[in-house]
Amino acid sequence: MAYLSLTLNFLIGVVKKAANPLTRDFNEIEKLQNSVRGHQEFVRAALERVSKALRVELQKGRPNYAVMSDAGQLPEIPCFVIAPLDGVLNFMHGIPYFAVAAAIAERGEITAGVVYNPATGDLYFAEKGKGAFKEGYRSQERLRVSARKELKNCLLAASASVDGIADFRNNGSLSLDLAGLAAGRYDGVVCQGAMAGELAAGMLLVKEAGGYVYEYNQKDIRTDDQAAVLQSGCLVAGNAAVGAKLFTALHK
């Protein structure tokens with residue numbers, strides 16, 4: 001069973017509290033599908049509620065931390081990197097693949113992260129050096145990236161197709177895709193132009209599950225620069241073999 005530090009307990013509690021109204025809101029979506037204007041206003045209001053709740057609760061617990069969600073340079077002080085509703089189009093169309101994600105960044109590194117899908121109850125969490133886990137009913141499930149080595153056998157979560165891959169999925173929620181990579185369901189993830197909040201918590205899940213994360217345009221894959229990924233919003237991730245081969249395939 002995973003030991004939950006005070007930091008993780010805090011993050012999990014805040015994310016669940018902020019996400020709680022989304023469950024009710026999601027159940028109302030189908031009733032509004034025939035009203036375009038009312039539907040859009042409803043989703044906008046739901047997004048504003050969870051965004052405000054997430055920021056307020058995080059800064060209530062750690063008022064000296066900054067909060068960021070867009071791609072950009074990490075501030076000098078510790079900060080929260082958040083995605084109030086990663087997968088808003090899925091949410092809007094009644095597809096239960098969206099998440100609330102929050103991470104803590106310190107000295108250019110992600111040190112703790114949580115990804116939560118309130119539609120399914122799936123919650124993933126990680127802390128630097130302590131592993132990645134999925135919350136279970138009685139115990140926590142340790143996450144491990146897949147062991148596949150050949151791209152021709154891989155399933156990729158990506159925003160565009162990649163030559164030589166068996167198949168790819170564009171699911172609409174990057175943080176959940178990265179959680180799926182950490183859990184071994186996907187073999188790699190590729191994205192460009194993502195928000196920092198969509199990346200941060202999921203990146204830590206992947207690394208703590210034994211995977212590798214690269215900045216899409218970096219020169220040397222031996223380096224690990226999370227701050228560069230968050231600044232560019234461009235990522236290539238996978239296990240040791242797949243991550244390196246994906247990076248090479250994308251830069252031919």
# chains A, B, ... in the order shown; residues from 1 in each chain; ligands from 1
$ closest_atom_pairs --of "region 136-247 of chain A" --to "region 85-103 of chain A" --cutoff "12 Å" --atoms "only C-alpha atoms" --output "JSON lines"
{"residue": "A:Asn170", "atom": "CA", "partner": "A:Gly87", "partner_atom": "CA", "distance": 11.2}
{"residue": "A:Asn171", "atom": "CA", "partner": "A:Tyr97", "partner_atom": "CA", "distance": 7.7}
{"residue": "A:Gly172", "atom": "CA", "partner": "A:Gly87", "partner_atom": "CA", "distance": 5.3}
{"residue": "A:Ser173", "atom": "CA", "partner": "A:Gly87", "partner_atom": "CA", "distance": 4.5}
{"residue": "A:Leu174", "atom": "CA", "partner": "A:Asp86", "partner_atom": "CA", "distance": 7.1}
{"residue": "A:Ser175", "atom": "CA", "partner": "A:Asp86", "partner_atom": "CA", "distance": 7.0}
{"residue": "A:Leu176", "atom": "CA", "partner": "A:Ala99", "partner_atom": "CA", "distance": 6.8}
{"residue": "A:Asp177", "atom": "CA", "partner": "A:Tyr97", "partner_atom": "CA", "distance": 9.7}
{"residue": "A:Leu178", "atom": "CA", "partner": "A:Ala101", "partner_atom": "CA", "distance": 11.4}
{"residue": "A:Ala179", "atom": "CA", "partner": "A:Ala99", "partner_atom": "CA", "distance": 10.6}
{"residue": "A:Gly180", "atom": "CA", "partner": "A:Tyr97", "partner_atom": "CA", "distance": 11.7}
{"residue": "A:Ala194", "atom": "CA", "partner": "A:Asp86", "partner_atom": "CA", "distance": 10.5}
{"residue": "A:Met195", "atom": "CA", "partner": "A:Asp86", "partner_atom": "CA", "distance": 9.3}
{"residue": "A:Ala196", "atom": "CA", "partner": "A:Ala103", "partner_atom": "CA", "distance": 10.0}
{"residue": "A:Gly197", "atom": "CA", "partner": "A:Ala101", "partner_atom": "CA", "distance": 6.9}
{"residue": "A:Glu198", "atom": "CA", "partner": "A:Asp86", "partner_atom": "CA", "distance": 6.3}
{"residue": "A:Leu199", "atom": "CA", "partner": "A:Ala101", "partner_atom": "CA", "distance": 9.0}
{"residue": "A:Ala200", "atom": "CA", "partner": "A:Ala103", "partner_atom": "CA", "distance": 6.0}
{"residue": "A:Ala201", "atom": "CA", "partner": "A:Ala103", "partner_atom": "CA", "distance": 5.0}
{"residue": "A:Gly202", "atom": "CA", "partner": "A:Ala101", "partner_atom": "CA", "distance": 8.3}
{"residue": "A:Met203", "atom": "CA", "partner": "A:Ala103", "partner_atom": "CA", "distance": 9.7}
{"residue": "A:Leu204", "atom": "CA", "partner": "A:Ala103", "partner_atom": "CA", "distance": 8.7}
{"residue": "A:Leu205", "atom": "CA", "partner": "A:Ala103", "partner_atom": "CA", "distance": 10.5}
{"residue": "A:Leu230", "atom": "CA", "partner": "A:Ala103", "partner_atom": "CA", "distance": 11.9}
$ closest_residue --among "A:Leu74, A:Lys52, A:Asn117, A:Ala244" --to "Thr223 (chain A)" --atoms "only C-alpha atoms"
A:Ala244
$ select_by_dssp --residues "region 36-217 of chain A" --states "helix (DSSP H, G or I)" --output "ChimeraX atom specification"
/A:36-61,88-92,151-153,174-182,196-208
$ select_by_dssp --residues "region 30-247 of chain A" --states "strand (DSSP E or B)" --output "JSON, numbers by chain"
{"A": [66, 67, 68, 79, 80, 81, 82, 83, 84, 85, 86, 99, 100, 101, 102, 103, 104, 105, 106, 109, 110, 111, 112, 113, 114, 115, 116, 117, 122, 123, 124, 125, 126, 127, 132, 133, 134, 141, 142, 155, 156, 157, 158, 167, 168, 169, 188, 189, 190, 191, 212, 213, 214, 215, 235, 236, 237, 238]}
$ residues_around --residues "Gly108 (chain A)" --least-positions-apart "2" --cutoff "10 Å" --atoms "only C-alpha atoms" --output "mmCIF file with all heavy atoms, in the first residue's frame"
data_model
loop_
_atom_site.group_PDB
_atom_site.id
_atom_site.type_symbol
_atom_site.label_atom_id
_atom_site.label_comp_id
_atom_site.auth_asym_id
_atom_site.auth_seq_id
_atom_site.Cartn_x
_atom_site.Cartn_y
_atom_site.Cartn_z
ATOM 1 N N GLN A 73 7.246 29.386 -18.452
ATOM 2 C CA GLN A 73 8.365 29.156 -17.548
ATOM 3 C C GLN A 73 7.869 29.044 -16.113
ATOM 4 O O GLN A 73 7.036 29.821 -15.659
ATOM 5 C CB GLN A 73 9.371 30.309 -17.662
ATOM 6 C CG GLN A 73 10.655 30.078 -16.878
ATOM 7 C CD GLN A 73 11.690 31.139 -17.164
ATOM 8 O OE1 GLN A 73 11.498 31.988 -18.033
ATOM 9 N NE2 GLN A 73 12.788 31.094 -16.442
ATOM 10 N N LEU A 74 8.393 28.051 -15.406
ATOM 11 C CA LEU A 74 8.019 27.883 -14.009
ATOM 12 C C LEU A 74 8.539 29.061 -13.195
ATOM 13 O O LEU A 74 9.650 29.534 -13.409
ATOM 14 C CB LEU A 74 8.614 26.590 -13.454
ATOM 15 C CG LEU A 74 8.041 25.278 -13.998
ATOM 16 C CD1 LEU A 74 8.859 24.090 -13.493
ATOM 17 C CD2 LEU A 74 6.582 25.120 -13.593
ATOM 18 N N PRO A 75 7.757 29.554 -12.247
ATOM 19 C CA PRO A 75 8.214 30.667 -11.416
ATOM 20 C C PRO A 75 9.322 30.229 -10.467
ATOM 21 O O PRO A 75 9.548 29.032 -10.262
ATOM 22 C CB PRO A 75 6.949 31.065 -10.647
ATOM 23 C CG PRO A 75 6.129 29.835 -10.606
ATOM 24 C CD PRO A 75 6.394 29.119 -11.901
ATOM 25 N N GLU A 76 10.012 31.186 -9.900
ATOM 26 C CA GLU A 76 11.106 30.882 -8.971
ATOM 27 C C GLU A 76 10.588 30.242 -7.687
ATOM 28 O O GLU A 76 11.230 29.389 -7.098
ATOM 29 C CB GLU A 76 11.876 32.170 -8.639
ATOM 30 C CG GLU A 76 12.624 32.781 -9.819
ATOM 31 C CD GLU A 76 13.746 31.877 -10.320
ATOM 32 O OE1 GLU A 76 14.392 31.219 -9.472
ATOM 33 O OE2 GLU A 76 13.956 31.832 -11.542
ATOM 34 N N ILE A 77 9.409 30.655 -7.257
ATOM 35 C CA ILE A 77 8.852 30.099 -6.029
ATOM 36 C C ILE A 77 8.096 28.813 -6.348
ATOM 37 O O ILE A 77 7.729 28.562 -7.497
ATOM 38 C CB ILE A 77 7.901 31.113 -5.343
ATOM 39 C CG1 ILE A 77 6.713 31.426 -6.263
ATOM 40 C CG2 ILE A 77 8.647 32.374 -4.958
ATOM 41 C CD1 ILE A 77 5.644 32.268 -5.614
ATOM 42 N N PRO A 78 7.875 27.946 -5.344
ATOM 43 C CA PRO A 78 7.069 26.744 -5.581
ATOM 44 C C PRO A 78 5.690 27.118 -6.116
ATOM 45 O O PRO A 78 5.141 28.181 -5.779
ATOM 46 C CB PRO A 78 6.968 26.104 -4.193
ATOM 47 C CG PRO A 78 8.159 26.610 -3.450
ATOM 48 C CD PRO A 78 8.369 28.013 -3.946
ATOM 49 N N CYS A 79 5.130 26.247 -6.953
ATOM 50 C CA CYS A 79 3.835 26.575 -7.544
ATOM 51 C C CYS A 79 2.984 25.331 -7.761
ATOM 52 O O CYS A 79 3.489 24.203 -7.798
ATOM 53 C CB CYS A 79 4.020 27.317 -8.867
ATOM 54 S SG CYS A 79 4.639 26.298 -10.227
ATOM 55 N N ALA A 105 5.201 21.994 -8.358
ATOM 56 C CA ALA A 105 6.523 22.144 -8.964
ATOM 57 C C ALA A 105 7.422 22.912 -8.013
ATOM 58 O O ALA A 105 7.026 23.957 -7.468
ATOM 59 C CB ALA A 105 6.423 22.889 -10.293
ATOM 60 N N GLU A 106 8.626 22.379 -7.816
ATOM 61 C CA GLU A 106 9.615 23.023 -6.959
ATOM 62 C C GLU A 106 10.979 22.930 -7.626
ATOM 63 O O GLU A 106 11.387 21.851 -8.055
ATOM 64 C CB GLU A 106 9.660 22.336 -5.589
ATOM 65 C CG GLU A 106 8.330 22.401 -4.836
ATOM 66 C CD GLU A 106 8.347 21.563 -3.569
ATOM 67 O OE1 GLU A 106 8.460 20.324 -3.681
ATOM 68 O OE2 GLU A 106 8.248 22.149 -2.480
ATOM 69 N N ILE A 110 8.617 18.587 -11.048
ATOM 70 C CA ILE A 110 7.334 18.207 -10.484
ATOM 71 C C ILE A 110 7.593 17.245 -9.337
ATOM 72 O O ILE A 110 8.244 16.215 -9.520
ATOM 73 C CB ILE A 110 6.432 17.548 -11.539
ATOM 74 C CG1 ILE A 110 6.318 18.432 -12.783
ATOM 75 C CG2 ILE A 110 5.052 17.264 -10.961
ATOM 76 C CD1 ILE A 110 5.759 19.797 -12.519
ATOM 77 N N THR A 111 7.083 17.564 -8.162
ATOM 78 C CA THR A 111 7.369 16.741 -6.982
ATOM 79 C C THR A 111 6.160 15.944 -6.490
ATOM 80 O O THR A 111 6.313 14.989 -5.734
ATOM 81 C CB THR A 111 7.888 17.620 -5.830
ATOM 82 O OG1 THR A 111 6.924 18.648 -5.538
ATOM 83 C CG2 THR A 111 9.227 18.263 -6.208
ATOM 84 N N ASP A 225 14.480 17.266 -18.783
ATOM 85 C CA ASP A 225 14.230 18.665 -18.454
ATOM 86 C C ASP A 225 12.723 18.902 -18.422
ATOM 87 O O ASP A 225 12.103 19.282 -19.413
ATOM 88 C CB ASP A 225 14.900 19.566 -19.487
ATOM 89 C CG ASP A 225 14.919 21.026 -19.060
ATOM 90 O OD1 ASP A 225 14.142 21.385 -18.156
ATOM 91 O OD2 ASP A 225 15.718 21.797 -19.632
ATOM 92 N N GLN A 226 12.112 18.661 -17.253
ATOM 93 C CA GLN A 226 10.671 18.826 -17.124
ATOM 94 C C GLN A 226 10.251 20.272 -17.351
ATOM 95 O O GLN A 226 9.193 20.535 -17.928
ATOM 96 C CB GLN A 226 10.231 18.375 -15.735
ATOM 97 C CG GLN A 226 10.433 16.907 -15.460
ATOM 98 C CD GLN A 226 9.955 16.545 -14.057
ATOM 99 O OE1 GLN A 226 9.007 17.121 -13.547
ATOM 100 N NE2 GLN A 226 10.624 15.595 -13.448
ATOM 101 N N ALA A 227 11.071 21.202 -16.891
ATOM 102 C CA ALA A 227 10.735 22.609 -17.057
ATOM 103 C C ALA A 227 10.612 22.971 -18.531
ATOM 104 O O ALA A 227 9.734 23.746 -18.925
ATOM 105 C CB ALA A 227 11.791 23.481 -16.377
ATOM 106 N N ALA A 228 11.468 22.384 -19.382
ATOM 107 C CA ALA A 228 11.411 22.654 -20.821
ATOM 108 C C ALA A 228 10.128 22.106 -21.431
ATOM 109 O O ALA A 228 9.524 22.717 -22.312
ATOM 110 C CB ALA A 228 12.628 22.047 -21.511
ATOM 111 N N LEU A 230 7.222 21.712 -19.861
ATOM 112 C CA LEU A 230 6.128 22.559 -19.421
ATOM 113 C C LEU A 230 6.128 23.906 -20.135
ATOM 114 O O LEU A 230 5.082 24.500 -20.362
ATOM 115 C CB LEU A 230 6.205 22.782 -17.905
ATOM 116 C CG LEU A 230 6.001 21.534 -17.043
ATOM 117 C CD1 LEU A 230 6.177 21.874 -15.572
ATOM 118 C CD2 LEU A 230 4.629 20.923 -17.285
#
$ residues_around --residues "Gln218 (chain A)" --least-positions-apart "2" --cutoff "12 Å" --atoms "only C-alpha atoms" --output "list in words"
Val213, Tyr214, Glu215, Tyr216, Asp220, Ile221, Arg222, Thr223, Asp224, Asp225, Gln226, Ala228, Val229, Ser232, Cys234, Leu235, Val236, Phe247, Thr248, Leu250 and His251 of chain A
$ write_last_selection --atoms "N, CA and C atoms" --output "short mmCIF file (atom, residue, chain, number, x, y, z; two decimals), in the first residue's frame"
data_model
loop_
_atom_site.label_atom_id
_atom_site.label_comp_id
_atom_site.auth_asym_id
_atom_site.auth_seq_id
_atom_site.Cartn_x
_atom_site.Cartn_y
_atom_site.Cartn_z
N VAL A 213 10.33 10.81 -20.07
CA VAL A 213 9.65 11.97 -20.64
C VAL A 213 10.68 12.86 -21.31
N TYR A 214 10.43 13.19 -22.58
CA TYR A 214 11.35 14.04 -23.34
C TYR A 214 10.61 15.28 -23.85
N GLU A 215 11.35 16.38 -23.94
CA GLU A 215 10.83 17.55 -24.63
C GLU A 215 10.93 17.26 -26.12
N TYR A 216 9.86 17.50 -26.84
CA TYR A 216 9.74 17.06 -28.24
C TYR A 216 10.93 17.50 -29.10
N ASP A 220 19.29 16.04 -27.05
CA ASP A 220 19.91 14.89 -26.41
C ASP A 220 18.89 14.18 -25.52
N ILE A 221 18.54 12.92 -25.87
CA ILE A 221 17.51 12.23 -25.09
C ILE A 221 18.04 11.67 -23.78
N ARG A 222 19.32 11.89 -23.50
CA ARG A 222 19.86 11.46 -22.20
C ARG A 222 19.50 12.46 -21.10
N THR A 223 19.04 13.62 -21.50
CA THR A 223 18.70 14.64 -20.51
C THR A 223 17.23 14.56 -20.13
N ASP A 224 16.89 15.10 -18.98
CA ASP A 224 15.52 15.10 -18.49
C ASP A 224 15.22 16.51 -18.00
N ASP A 225 14.48 17.27 -18.78
CA ASP A 225 14.23 18.66 -18.45
C ASP A 225 12.72 18.90 -18.42
N GLN A 226 12.11 18.66 -17.25
CA GLN A 226 10.67 18.83 -17.12
C GLN A 226 10.25 20.27 -17.35
N ALA A 228 11.47 22.38 -19.38
CA ALA A 228 11.41 22.65 -20.82
C ALA A 228 10.13 22.11 -21.43
N VAL A 229 9.69 20.93 -20.97
CA VAL A 229 8.44 20.35 -21.46
C VAL A 229 7.26 21.25 -21.10
N SER A 232 7.33 24.47 -23.31
CA SER A 232 6.98 24.32 -24.72
C SER A 232 5.62 23.67 -24.94
N CYS A 234 5.32 20.52 -25.40
CA CYS A 234 5.58 19.47 -26.39
C CYS A 234 6.28 18.29 -25.71
N LEU A 235 5.77 17.09 -25.90
CA LEU A 235 6.24 15.94 -25.13
C LEU A 235 6.27 14.66 -25.96
N VAL A 236 7.26 13.82 -25.65
CA VAL A 236 7.33 12.44 -26.12
C VAL A 236 7.60 11.60 -24.88
N PHE A 247 11.08 8.99 -30.14
CA PHE A 247 11.80 10.25 -30.33
C PHE A 247 12.58 10.22 -31.64
N THR A 248 13.26 9.12 -31.92
CA THR A 248 14.03 8.98 -33.17
C THR A 248 13.12 9.01 -34.37
N LEU A 250 10.26 10.39 -34.77
CA LEU A 250 9.66 11.71 -34.98
C LEU A 250 10.66 12.74 -35.50
N HIS A 251 11.95 12.42 -35.47
CA HIS A 251 12.97 13.37 -35.88
C HIS A 251 13.77 12.89 -37.08
#
$ closest_residue --among "A:Ser51, A:Asn27, A:Gln40, A:Thr120" --to "Val14 (chain A)" --atoms "only C-alpha atoms"
A:Ser51
$ residues_around --residues "Glu141 (chain A)" --least-positions-apart "5" --cutoff "12 Å" --atoms "only C-alpha atoms" --output "list in words"
Met1, Ala2, Tyr3, Asp122, Leu123, Tyr124, Phe125, Ala126, Gly131, Ala132, Phe133, Lys134, Glu135, Gly136, Ala182, Ala183 and Ala209 of chain A
$ atom_distance --atom1 "CA of Gly13 (chain A)" --atom2 "CA of Asp70 (chain A)"
23.0 Å
$ closest_residue --among "A:Gly129, A:Gly164, A:Gly233, A:Gly184" --to "Ser69 (chain A)" --atoms "only C-alpha atoms"
A:Gly233
$ residues_around --residues "Val15 (chain A)" --least-positions-apart "4" --cutoff "9 Å" --atoms "only C-alpha atoms" --output "PyMOL selection string"
chain A and resi 10-11+19-20+54+57-58+84+100-102+114-116
$ atom_distance --atom1 "CA of Gly238 (chain A)" --atom2 "CA of Ser139 (chain A)"
26.0 Å
$ atom_distance --atom1 "CA of Ala147 (chain A)" --atom2 "CA of Arg169 (chain A)"
19.2 Å
$ residues_around --residues "Leu156 (chain A)" --least-positions-apart "5" --cutoff "6 Å" --atoms "only C-alpha atoms" --output "list in words"
Phe168, Tyr186, Asp187, Gly188 and Val189 of chain A
